[in-house]
file my_file_22.txt (compact mmCIF, C-alpha atoms)
# COMPACT_ATOMS: atom_id res chain seq x y z
CA MET A 30 18.01 28.83 -15.76
CA ALA A 31 15.67 26.84 -13.50
CA ALA A 32 16.41 26.84 -9.78
CA SER A 33 17.68 23.61 -8.27
CA PRO A 34 15.02 21.55 -6.43
CA LEU A 35 14.16 22.40 -2.84
CA VAL A 36 13.64 20.03 0.11
CA PHE A 37 11.98 21.06 3.39
CA ILE A 38 13.11 18.91 6.35
CA THR A 39 11.94 19.03 9.96
CA GLY A 40 14.08 17.75 12.82
CA ALA A 41 17.15 18.87 10.90
CA SER A 42 19.42 19.51 13.88
CA SER A 43 20.55 15.90 14.38
CA GLY A 44 20.11 12.25 13.52
CA ILE A 45 18.11 11.21 10.48
CA GLY A 46 17.10 14.78 9.65
CA GLN A 47 20.68 15.96 9.51
CA ALA A 48 21.75 12.94 7.44
CA LEU A 49 18.90 13.57 5.00
CA ALA A 50 19.92 17.22 4.71
CA ALA A 51 23.49 16.21 3.84
CA ARG A 52 22.39 13.63 1.28
CA PHE A 53 19.93 15.92 -0.46
CA TYR A 54 22.46 18.76 -0.52
CA ASP A 55 25.05 16.49 -2.13
CA ALA A 56 22.40 15.50 -4.70
CA GLY A 57 22.04 19.15 -5.73
CA TYR A 58 19.02 20.22 -3.72
CA ARG A 59 18.55 23.51 -1.92
CA LEU A 60 17.69 23.05 1.75
CA ALA A 61 14.97 24.44 4.00
CA LEU A 62 16.03 23.19 7.42
CA VAL A 63 13.58 23.31 10.32
CA ALA A 64 14.63 22.82 13.93
CA ARG A 65 14.15 24.10 17.44
CA ARG A 66 17.91 24.03 17.98
CA THR A 67 18.75 26.41 15.16
CA ALA A 68 22.21 27.22 16.58
CA ASP A 69 23.17 23.53 16.34
CA THR A 70 21.86 23.39 12.79
CA GLN A 71 23.83 26.50 11.83
CA SER A 72 26.99 25.08 13.40
CA TRP A 73 26.56 21.90 11.36
CA ALA A 74 26.04 23.89 8.15
CA ASN A 75 29.15 25.96 8.89
CA ALA A 76 31.26 22.90 9.67
CA ARG A 77 30.15 21.29 6.44
CA GLN A 78 30.83 24.53 4.54
CA LEU A 79 27.44 24.61 2.89
CA ASP A 80 26.91 27.28 0.26
CA ALA A 81 24.87 29.96 2.03
CA SER A 82 22.82 30.56 -1.12
CA ARG A 83 21.58 26.97 -1.06
CA TYR A 84 20.08 26.71 2.40
CA GLN A 85 18.00 28.53 4.97
CA ILE A 86 17.21 27.62 8.57
CA TYR A 87 13.79 28.11 10.15
CA SER A 88 13.02 27.98 13.86
CA ALA A 89 9.90 26.01 14.71
CA ASP A 90 8.45 23.51 17.17
CA VAL A 91 6.40 20.93 15.27
CA ALA A 92 4.33 20.24 18.41
CA LEU A 93 2.95 23.79 18.09
CA THR A 94 0.75 23.92 14.99
CA ASP A 95 1.04 27.67 14.39
CA SER A 96 4.83 27.46 14.74
CA ILE A 97 5.43 24.83 12.07
CA VAL A 98 2.78 26.27 9.72
CA ALA A 99 4.52 29.65 9.99
CA ALA A 100 7.84 28.01 9.10
CA GLY A 101 6.27 26.43 6.01
CA ASN A 102 4.81 29.74 4.88
CA ALA A 103 8.14 31.48 5.51
CA CYS A 104 9.87 28.87 3.36
CA ILE A 105 7.50 29.47 0.46
CA ALA A 106 8.00 33.24 0.74
CA ALA A 107 11.79 33.06 0.95
CA GLN A 108 12.73 30.04 -1.16
CA GLY A 109 9.66 29.04 -3.12
CA LEU A 110 7.46 25.96 -3.05
CA PRO A 111 9.48 22.85 -2.13
CA ASP A 112 9.70 19.82 -4.38
CA VAL A 113 10.02 17.52 -1.35
CA VAL A 114 8.69 17.96 2.20
CA ILE A 115 9.98 15.52 4.81
CA ALA A 116 8.12 15.39 8.12
CA ASN A 117 10.94 13.83 10.12
CA ALA A 118 10.79 15.46 13.56
CA GLY A 119 9.56 13.11 16.25
CA ILE A 120 9.98 11.95 19.84
CA SER A 121 10.14 8.55 21.50
CA VAL A 122 9.25 8.46 25.18
CA GLY A 123 8.35 5.40 27.23
CA ILE A 124 5.03 5.48 29.08
CA ASP A 125 3.18 3.59 31.78
CA THR A 126 -0.57 4.10 31.53
CA ALA A 127 -0.89 3.60 35.29
CA GLU A 128 1.12 6.80 35.83
CA ARG A 129 -0.98 9.98 35.55
CA ALA A 130 1.98 12.06 34.38
CA ASP A 131 2.52 9.71 31.46
CA LEU A 132 -0.85 10.67 29.99
CA ASP A 133 0.66 14.10 29.42
CA VAL A 134 3.64 12.39 27.78
CA LEU A 135 1.22 10.58 25.48
CA THR A 136 -0.42 13.89 24.56
CA GLN A 137 2.95 15.45 23.74
CA THR A 138 3.99 12.44 21.65
CA PHE A 139 0.85 12.61 19.52
CA ALA A 140 1.16 16.39 19.23
CA THR A 141 4.67 16.02 17.84
CA ASN A 142 4.53 12.79 15.84
CA ASN A 143 1.01 13.04 14.40
CA VAL A 144 -0.48 16.53 14.52
CA GLY A 145 2.99 17.94 13.88
CA LEU A 146 3.36 15.79 10.79
CA ALA A 147 0.03 16.95 9.34
CA ALA A 148 0.87 20.56 10.19
CA THR A 149 4.22 20.17 8.43
CA PHE A 150 2.44 19.15 5.21
CA HIS A 151 -0.41 21.67 5.51
CA PRO A 152 1.20 24.81 4.00
CA PHE A 153 2.27 22.95 0.86
CA VAL A 154 -0.60 20.65 -0.12
CA ARG A 155 -2.81 22.99 -2.16
CA ALA A 156 0.11 24.67 -3.88
CA MET A 157 1.66 21.33 -4.81
CA VAL A 158 -1.68 20.13 -6.21
CA GLN A 159 -2.01 23.33 -8.25
CA ARG A 160 1.53 22.81 -9.58
CA GLY A 161 0.83 19.14 -10.24
CA SER A 162 3.94 17.77 -8.56
CA GLY A 163 5.65 17.24 -5.22
CA ARG A 164 6.64 14.67 -2.61
CA LEU A 165 5.20 14.60 0.91
CA VAL A 166 7.28 12.22 3.03
CA GLY A 167 6.24 10.88 6.43
CA ILE A 168 8.90 9.24 8.59
CA ALA A 169 7.22 6.39 10.46
CA SER A 170 9.03 3.41 12.04
CA VAL A 171 9.04 -0.37 12.16
CA ALA A 172 7.62 0.25 15.65
CA SER A 173 4.35 0.91 13.80
CA ILE A 174 4.00 -2.80 13.01
CA ARG A 175 3.20 -4.17 16.49
CA GLY A 176 2.66 -2.57 19.86
CA LEU A 177 5.54 -3.12 22.29
CA PRO A 178 5.30 -2.94 26.11
CA GLY A 179 6.44 0.39 27.52
CA HIS A 180 6.32 2.03 24.09
CA GLY A 181 2.59 2.45 23.63
CA ALA A 182 2.85 6.16 22.80
CA TYR A 183 5.59 5.74 20.22
CA CYS A 184 4.16 2.61 18.58
CA ALA A 185 0.67 4.09 18.40
CA SER A 186 1.91 7.40 17.03
CA LYS A 187 3.98 5.74 14.32
CA ALA A 188 1.11 3.43 13.37
CA GLY A 189 -0.87 6.65 13.08
CA VAL A 190 1.75 8.09 10.72
CA VAL A 191 1.38 5.07 8.43
CA ALA A 192 -2.44 5.26 8.41
CA TYR A 193 -2.48 9.04 7.99
CA CYS A 194 -0.07 8.94 5.05
CA GLU A 195 -2.10 6.16 3.46
CA SER A 196 -5.24 8.29 3.77
CA LEU A 197 -3.48 11.34 2.33
CA ARG A 198 -2.09 9.28 -0.53
CA GLY A 199 -5.60 8.28 -1.53
CA GLU A 200 -6.80 11.88 -1.30
CA LEU A 201 -4.00 13.09 -3.59
CA HIS A 202 -4.10 10.22 -6.06
CA GLY A 203 -3.99 11.54 -9.62
CA SER A 204 -2.88 15.04 -8.56
CA GLY A 205 0.80 14.50 -9.35
CA VAL A 206 1.67 14.81 -5.64
CA LYS A 207 3.18 11.62 -4.22
CA VAL A 208 2.92 10.62 -0.56
CA VAL A 209 5.84 8.49 0.60
CA THR A 210 5.91 6.58 3.89
CA LEU A 211 9.34 5.54 5.14
CA CYS A 212 9.74 3.14 8.07
CA PRO A 213 13.28 3.17 9.45
CA GLY A 214 14.51 0.20 11.41
CA TYR A 215 17.21 0.79 14.01
CA ILE A 216 19.25 3.83 13.00
CA ASP A 217 22.29 4.92 15.01
CA THR A 218 21.00 8.30 16.24
CA PRO A 219 20.55 10.05 19.59
CA LEU A 220 17.05 8.53 19.63
CA THR A 221 18.37 4.95 19.76
CA GLN A 222 21.76 5.31 21.44
CA GLY A 223 20.21 4.96 24.91
CA ASN A 224 18.54 1.65 24.07
CA ARG A 225 19.62 -1.18 26.38
CA TYR A 226 18.69 -4.04 24.10
CA GLY A 227 19.95 -5.57 20.90
CA MET A 228 19.20 -3.65 17.72
CA PRO A 229 19.36 -5.99 14.70
CA PHE A 230 20.57 -4.52 11.40
CA LEU A 231 21.60 -1.27 13.08
CA MET A 232 22.18 1.25 10.30
CA GLN A 233 24.20 4.44 10.05
CA PRO A 234 22.14 7.58 9.34
CA GLU A 235 24.11 8.28 6.16
CA ASP A 236 23.25 4.85 4.74
CA PHE A 237 19.60 5.32 5.61
CA ALA A 238 19.58 8.74 3.95
CA ALA A 239 21.04 7.36 0.72
CA GLN A 240 18.32 4.71 0.48
CA ALA A 241 15.64 7.19 1.52
CA LEU A 242 16.62 9.61 -1.26
CA ARG A 243 16.21 6.88 -3.86
CA ALA A 244 12.82 5.86 -2.48
CA ILE A 245 11.59 9.46 -2.33
CA GLU A 246 12.70 10.37 -5.83
CA SER A 247 11.13 7.20 -7.23
CA GLY A 248 7.84 8.11 -5.53
CA THR A 249 7.44 4.73 -3.85
CA SER A 250 4.41 4.65 -1.57
CA TYR A 251 5.88 2.67 1.36
CA ARG A 252 9.37 1.43 2.18
CA VAL A 253 11.00 -0.19 5.21
CA ILE A 254 14.72 0.62 5.47
CA PRO A 255 16.80 -1.53 5.67
CA TRP A 256 14.97 -4.26 3.77
CA GLN A 257 15.98 -6.89 6.33
CA MET A 258 13.84 -5.09 8.91
CA GLY A 259 11.01 -5.22 6.41
CA VAL A 260 11.21 -9.00 6.47
CA ILE A 261 11.22 -9.03 10.28
CA ALA A 262 8.29 -6.63 10.30
CA LYS A 263 6.24 -8.95 8.08
CA VAL A 264 7.04 -11.90 10.33
CA MET A 265 6.04 -9.89 13.41
CA ARG A 266 2.78 -8.90 11.75
CA MET A 267 1.93 -12.55 11.13
CA LEU A 268 2.73 -13.74 14.67
CA PRO A 269 -0.38 -14.79 16.60
CA ASN A 270 -1.10 -12.44 19.49
CA ALA A 271 -0.50 -15.19 22.04
CA VAL A 272 3.00 -15.83 20.68
CA LEU A 273 3.92 -12.13 20.62
CA ASP A 274 2.51 -11.60 24.12
CA ARG A 275 4.70 -14.38 25.52
CA ALA A 276 7.77 -13.07 23.70
CA VAL A 277 7.49 -9.60 25.22
CA GLN A 278 6.04 -10.57 28.61
CA GLY A 279 7.46 -8.64 31.53
CA ARG A 280 8.84 -5.78 29.48
CA GLY A 281 7.69 -2.29 30.24
CA ARG A 282 8.87 1.28 30.44
CA LYS A 283 12.49 1.12 31.60
CA LYS A 284 13.72 4.60 30.79
CA ARG A 285 12.86 7.55 28.68
CA THR A 286 14.76 8.29 25.51
CA GLY A 287 15.47 11.60 23.91
CA GLU A 288 14.19 13.63 21.04
CA ALA A 289 14.90 13.12 17.37
call {"tool": "encode", "arguments": {"input": "my_file_22.txt", "output": "structure tokens"}}
result
Amino acid sequence: MAASPLVFITGASSGIGQALAARFYDAGYRLALVARRTADTQSWANARQLDASRYQIYSADVALTDSIVAAGNACIAAQGLPDVVIANAGISVGIDTAERADLDVLTQTFATNNVGLAATFHPFVRAMVQRGSGRLVGIASVASIRGLPGHGAYCASKAGVVAYCESLRGELHGSGVKVVTLCPGYIDTPLTQGNRYGMPFLMQPEDFAAQALRAIESGTSYRVIPWQMGVIAKVMRMLPNAVLDRAVQGRGRKKRTGEA
């Protein structure tokens, strides 16, 4: 009897990653859960009474290339080659380019959100191509659409996720391996709960995960979730720079938010 499909998820200790883990588990997948906070992930798995034969937890920091690559290799050795790899782990930290310390914040953001995403995919690409199937999923954001004051690091990194996944999709075209880019809008997670501004179409992580599963399994190349934020994103993209600049004038880094 064939083994049930396997999904590899980074940032699995909370928020979107945890919601994706629950949704994929309920859909019959085995789980490879990657997190720095492995104790929190284990507590969640225990509370949810997950079947121990259907999941394994790996400790890794996606900002450290060798760490996340080692987790991917360990997954292949212990559970086999995943059917789906979701590079979800990311950070959102406000920056002010005039502050020297914030250049280090920018470096850390790119290390996590961009290099970490590529390093998450790295252990699986050749093996998936040889098998002729697989899904590589990059979690971007609607923040990738336009740059917003005070959020230069996050917006730039998520725009980088979109462009990187688009490049990888072209490289893997015809191989049977699909590259899926998902752009969440506002999702009610620890990453957004400190926001002090209105968040239109705020979505629960479980609802996002349900829509994400459908998009991933269908192999869609790019999807904004929820769709209403996709409409807003298109409008924002079409706004003349002068109009956008006036709309966001005076905004800057107010506070720093946490880690996904």
call {"tool": "residues_around", "arguments": {"input": "my_file_22.txt", "residues": "stretch 233-248 of chain A", "least_positions_apart": "5", "cutoff": "12 Å", "atoms": "all atoms listed in the file", "output": "VMD selection string"}}
result
chain A and resid 34 36 43 to 58 112 to 115 117 162 to 168 198 205 to 222 253 to 256
call {"tool": "closest_residue", "arguments": {"input": "my_file_22.txt", "among": "A:Ala116, A:Cys184, A:Ala81, A:Cys104", "to": "A:Ala41", "atoms": "all atoms listed in the file"}}
result
A:Ala116
call {"tool": "closest_residue", "arguments": {"input": "my_file_22.txt", "among": "A:Pro152, A:Gly199, A:Leu79, A:Gly179", "to": "A:Glu128", "atoms": "all atoms listed in the file"}}
result
A:Gly179
call {"tool": "atom_distance", "arguments": {"input": "my_file_22.txt", "atom1": "atom CA of A:Ser33", "atom2": "atom CA of A:Arg59"}}
result
6.4 Å
call {"tool": "atom_distance", "arguments": {"input": "my_file_22.txt", "atom1": "atom CA of A:Ser82", "atom2": "atom CA of A:Leu60"}}
result
9.5 Å
call {"tool": "closest_residue", "arguments": {"input": "my_file_22.txt", "among": "A:Val190, A:Leu177, A:Val158, A:Ala182", "to": "A:Asp133", "atoms": "all atoms listed in the file"}}
result
A:Ala182
call {"tool": "residues_around", "arguments": {"input": "my_file_22.txt", "residues": "stretch 106-109 of chain A", "least_positions_apart": "5", "cutoff": "9 Å", "atoms": "all atoms listed in the file", "output": "PyMOL selection string"}}
result
chain A and resi 35+59+61+84-85+101
call {"tool": "closest_residue", "arguments": {"input": "my_file_22.txt", "among": "A:Ile86, A:Val91, A:Val122, A:Arg65", "to": "A:Ala140", "atoms": "only C-alpha atoms"}}
result
A:Val91
call {"tool": "closest_residue", "arguments": {"input": "my_file_22.txt", "among": "A:Ala185, A:Ala169, A:Met258, A:Ala118", "to": "A:Arg66", "atoms": "all atoms listed in the file"}}
result
A:Ala118
call {"tool": "residues_around", "arguments": {"input": "my_file_22.txt", "residues": "A:Gly161", "least_positions_apart": "4", "cutoff": "12 Å", "atoms": "only C-alpha atoms", "output": "list in words"}}
result
Leu110, Asp112, Phe153, Val154, Arg155, Ala156, Met157, Leu201, His202, Gly203, Ser204, Gly205, Val206 and Lys207 of chain A
